[in-house]
Each structure stands twice: as structure tokens, then as C-alpha cells.
Amino acid sequence: MRHGEIEKQGEQQLVGQVDVPLTDAGLLQARNWRTELRSTQFERIYSSDLQRTRRTAEILAQDRDQPVVTLPQLREINLGQWDGLSRGDVESRYPGEWSKRGADLSEYRPPSGESFADLQARVVPAFLDIVEQAQSDVLIVAHAGVNRVIICHILGAPLTNVFRIGQDYACLNKIQRMGDLIQLVAMNVQLHENRVA
């Protein structure tokens with residue numbers, strides 16, 4: 001699952017590991033999913049250690065006698081010196097770099113940041129460890145970038161397609177393991193009441 005809606009300083013703000021809170025709408029999205037998933041038993045609930053995912057997971061874990069397991073490996077992509085800036089700020093402060101990223105989406109690293117290949121190399125081993133350990137259903141609350149690189153891995157899709165994968169706020173992706181096969185069953189599932197206008 002992706003975390004609920006977050007507070008941003010405008011639509012073009014880049015949010016990686018900057019630790020922003022959920023909006024009231026984001027809190028409500030998490031509560032709606034808690035209601036929807038109340039009859040689903042989870043062996044464990046995992047989350048990135050950033051507050052937007054941790055808070056979403058804590059709401060989902062209410063009324064369950066299990067703690068949320070936070071893993072820094074599930075953090076969103078590190079945008080380095082770009083984190084929290086608008087796209088316009090990036091283009092003016094780092095001339096030509098936005099275009100370079102677009103030309104090499106998989107390998108380009110913002111100054112002091114990660115590429116999507118770096119992100120996938122950090123996230124996929126943690127995801128596979130969770131899958132290996134799971135004896136029944138688990139829930140992972142993470143970020144759009146994290147979910148997208150996991151889905152690319154499952155589908156064998158190149159990371160150049162990462163932004164073709166929809167990951168709306170508070171969406172659910174269903175993944176199942178059948179022996180050694182990991183399958184994407186559903187993607188970007190949203191509750192009607194959670195849709196953001």
C-alpha cells in the first residue's frame with residue numbers, strides 16, 4: 001500500500017525522504033482502509049520509517065495486537081539536494097540536470113541522491129526477505145517510488161517504465177507468492193471514498 005495523502009508545498013514539489021506528515025484527508029484514507037481490511041488477518045504489518053508511512057501503518061494496525069515493523073530500507077527514493085524543491089527550483093538551480101534525469105531515468109542520481117536503480121537495489125532485497133519469511137498475509141506500507149520499483153521487479157519491466165505505473169495516495173497493490181513465483185494480482189486499487197479530486 002502507498003501511504004495516504006501528504007502535505008506538500010505545491011503540486012510540483014519533489015518529495016523523497018523529506019519527512020512530511022499526512023493531511024487530514026490522508027488520515028481519513030488510512031482509517032477507511034482500516035475498516036475495509038478489518039477482517040483480513042495480517043501476520044505482520046511493515047512500514048518505511050518515515051512518518052507518512054508509519055502513521056498510515058499505525059492507523060491500519062489499530063485494533064490488532066501487533067506492532068508495526070519499521071524498515072529504513074523501505075524509505076522513498078533519496079532525492080538528495082533536490083528533496084523538497086519544486087521542479088522549477090531544480091531547473092533553475094541545476095541547469096540541464098532535469099533533462100539528464102529524464103534521459104536516463106534508471107541510472108541518473110540527483111546530487112547526493114539515489115537513482116531508481118539504487119532504490120531498487122535497496123528495496124527489492126528487503127521485499128524478498130519479507131516474502132520469504134511470510135507464512136501468511138502481510139501488509140507493507142511504503143511509497144510510490146518503492147512500490148513502483150517492486151512492481152517493475154515482479155514484472156521484469158525496465159526501470160525506464162517506472163512512471164507508467166500508477167500509485168495514487170492510499171492505493172493497494174495485491175501480490176501473491178505461489179512457490180517461487182511472485183505474481184502481481186492487482187495494482188493501484190482504491191476505495192471509492194478515498195479518491196482525491
# chains A, B, ... in the order shown; residues from 1 in each chain; ligands from 1
call {"tool": "residues_around", "arguments": {"residues": "stretch 175-185 of chain A", "least_positions_apart": "5", "cutoff": "9 Å", "atoms": "only C-alpha atoms", "output": "VMD selection string"}}
result
chain A and resid 131 137 151 154 to 155
call {"tool": "select_by_dssp", "arguments": {"residues": "chain A", "states": "helix (DSSP H, G or I)", "output": "number ranges by chain"}}
result
A: 24-36, 51-61, 72-74, 80-82, 87-93, 97-103, 116-133, 144-155, 159-164, 192-194
call {"tool": "residues_around", "arguments": {"residues": "A:Tyr46", "least_positions_apart": "5", "cutoff": "7 Å", "atoms": "only C-alpha atoms", "output": "number ranges by chain"}}
result
A: 68-70, 139-141
call {"tool": "write_last_selection", "arguments": {"atoms": "N, CA and C atoms", "output": "mmCIF file, in the first residue's frame"}}
result
data_model
loop_
_atom_site.group_PDB
_atom_site.id
_atom_site.type_symbol
_atom_site.label_atom_id
_atom_site.label_comp_id
_atom_site.auth_asym_id
_atom_site.auth_seq_id
_atom_site.Cartn_x
_atom_site.Cartn_y
_atom_site.Cartn_z
ATOM 1 N N VAL A 68 3.792 -2.324 14.437
ATOM 2 C CA VAL A 68 4.252 -2.081 13.078
ATOM 3 C C VAL A 68 5.771 -2.251 13.061
ATOM 4 N N VAL A 69 6.267 -3.028 12.124
ATOM 5 C CA VAL A 69 7.700 -3.243 11.975
ATOM 6 C C VAL A 69 8.211 -2.208 10.967
ATOM 7 N N THR A 70 9.039 -1.267 11.429
ATOM 8 C CA THR A 70 9.547 -0.233 10.522
ATOM 9 C C THR A 70 10.917 -0.632 9.977
ATOM 10 N N LEU A 139 1.201 -7.037 5.271
ATOM 11 C CA LEU A 139 0.909 -5.735 4.674
ATOM 12 C C LEU A 139 2.170 -4.895 4.741
ATOM 13 N N ILE A 140 2.540 -4.294 3.607
ATOM 14 C CA ILE A 140 3.685 -3.393 3.544
ATOM 15 C C ILE A 140 3.154 -2.017 3.166
ATOM 16 N N VAL A 141 3.416 -1.026 4.011
ATOM 17 C CA VAL A 141 3.029 0.353 3.704
ATOM 18 C C VAL A 141 4.299 1.098 3.317
#
call {"tool": "residues_around", "arguments": {"residues": "stretch 160-170 of chain A", "least_positions_apart": "3", "cutoff": "6 Å", "atoms": "only C-alpha atoms", "output": "JSON list (two decimals) with C-alpha atoms, in the first residue's frame"}}
result
[["chain", "number", "residue", "atom", "x", "y", "z"],
["A", 2, "ARG", "CA", 1.05, 3.55, -0.58],
["A", 3, "HIS", "CA", 0.70, 5.98, 2.33],
["A", 4, "GLY", "CA", -2.18, 8.45, 2.45],
["A", 5, "GLU", "CA", -2.18, 11.97, 1.06],
["A", 105, "LEU", "CA", 15.67, 7.57, -15.51],
["A", 106, "SER", "CA", 17.16, 4.31, -14.28],
["A", 144, "ALA", "CA", 5.09, 5.43, -4.72],
["A", 148, "ARG", "CA", 6.92, 1.06, -8.44],
["A", 188, "ASN", "CA", -3.39, 0.81, -7.67]]
call {"tool": "select_by_dssp", "arguments": {"residues": "stretch 12-190 of chain A", "states": "strand (DSSP E)", "output": "compact mmCIF listing (two decimals) with N, CA and C atoms, in the first residue's frame"}}
result
# COMPACT_ATOMS: atom_id res chain seq x y z
N ARG A 44 2.09 -9.86 9.78
CA ARG A 44 2.86 -8.69 10.19
C ARG A 44 2.45 -7.51 9.33
N ILE A 45 2.67 -6.31 9.88
CA ILE A 45 2.50 -5.08 9.13
C ILE A 45 3.84 -4.37 9.12
N TYR A 46 4.36 -4.12 7.93
CA TYR A 46 5.65 -3.45 7.75
C TYR A 46 5.44 -2.05 7.22
N SER A 47 6.42 -1.19 7.49
CA SER A 47 6.34 0.18 7.03
C SER A 47 7.73 0.76 6.89
N VAL A 68 3.79 -2.32 14.44
CA VAL A 68 4.25 -2.08 13.08
C VAL A 68 5.77 -2.25 13.06
N VAL A 69 6.27 -3.03 12.12
CA VAL A 69 7.70 -3.24 11.98
C VAL A 69 8.21 -2.21 10.97
N THR A 70 9.04 -1.27 11.43
CA THR A 70 9.55 -0.23 10.52
C THR A 70 10.92 -0.63 9.98
N VAL A 138 0.79 -10.55 4.69
CA VAL A 138 1.46 -9.43 5.33
C VAL A 138 1.04 -8.16 4.60
N LEU A 139 1.20 -7.04 5.27
CA LEU A 139 0.91 -5.73 4.67
C LEU A 139 2.17 -4.90 4.74
N ILE A 140 2.54 -4.29 3.61
CA ILE A 140 3.69 -3.39 3.54
C ILE A 140 3.15 -2.02 3.17
N VAL A 141 3.42 -1.03 4.01
CA VAL A 141 3.03 0.35 3.70
C VAL A 141 4.30 1.10 3.32
N LEU A 172 -3.77 0.27 -2.97
CA LEU A 172 -3.37 -1.06 -2.54
C LEU A 172 -2.95 -1.87 -3.76
N ASN A 173 -1.83 -2.55 -3.64
CA ASN A 173 -1.37 -3.48 -4.67
C ASN A 173 -1.43 -4.87 -4.05
N LYS A 174 -1.96 -5.82 -4.79
CA LYS A 174 -2.04 -7.19 -4.27
C LYS A 174 -1.02 -8.06 -4.99
N ILE A 175 -0.18 -8.68 -4.19
CA ILE A 175 0.89 -9.52 -4.70
C ILE A 175 0.76 -10.87 -4.02
N GLN A 176 0.91 -11.95 -4.78
CA GLN A 176 0.86 -13.27 -4.16
C GLN A 176 2.07 -14.10 -4.56
N ARG A 177 2.44 -14.97 -3.65
CA ARG A 177 3.54 -15.90 -3.91
C ARG A 177 2.96 -17.30 -4.05
N MET A 178 3.34 -17.96 -5.12
CA MET A 178 2.96 -19.36 -5.34
C MET A 178 4.25 -20.12 -5.57
N LEU A 181 7.17 -18.43 -7.52
CA LEU A 181 6.60 -17.40 -8.40
C LEU A 181 5.95 -16.29 -7.56
N ILE A 182 6.34 -15.06 -7.84
CA ILE A 182 5.70 -13.90 -7.21
C ILE A 182 4.90 -13.20 -8.29
N GLN A 183 3.60 -13.04 -8.06
CA GLN A 183 2.68 -12.51 -9.06
C GLN A 183 2.05 -11.22 -8.60
N LEU A 184 1.93 -10.26 -9.53
CA LEU A 184 1.14 -9.05 -9.29
C LEU A 184 -0.30 -9.39 -9.64
N VAL A 185 -1.19 -9.34 -8.65
CA VAL A 185 -2.58 -9.73 -8.83
C VAL A 185 -3.45 -8.52 -9.13
N ALA A 186 -3.19 -7.40 -8.46
CA ALA A 186 -3.95 -6.16 -8.67
C ALA A 186 -3.04 -4.99 -8.34
N MET A 187 -3.30 -3.85 -8.99
CA MET A 187 -2.42 -2.70 -8.81
C MET A 187 -3.24 -1.41 -8.71
N ASN A 188 -2.80 -0.52 -7.82
CA ASN A 188 -3.39 0.81 -7.67
C ASN A 188 -4.88 0.75 -7.33
N VAL A 189 -5.26 -0.24 -6.52
CA VAL A 189 -6.65 -0.39 -6.09
C VAL A 189 -6.97 0.71 -5.10
call {"tool": "closest_residue", "arguments": {"among": "A:Ser99, A:Ser92, A:Thr56, A:Gln9", "to": "A:Asn32", "atoms": "only C-alpha atoms"}}
result
A:Thr56
call {"tool": "residues_around", "arguments": {"residues": "A:Glu91", "least_positions_apart": "4", "cutoff": "12 Å", "atoms": "only C-alpha atoms", "output": "MDAnalysis selection string"}}
result
chainID A and resid 12 82 85:87 95:101 110
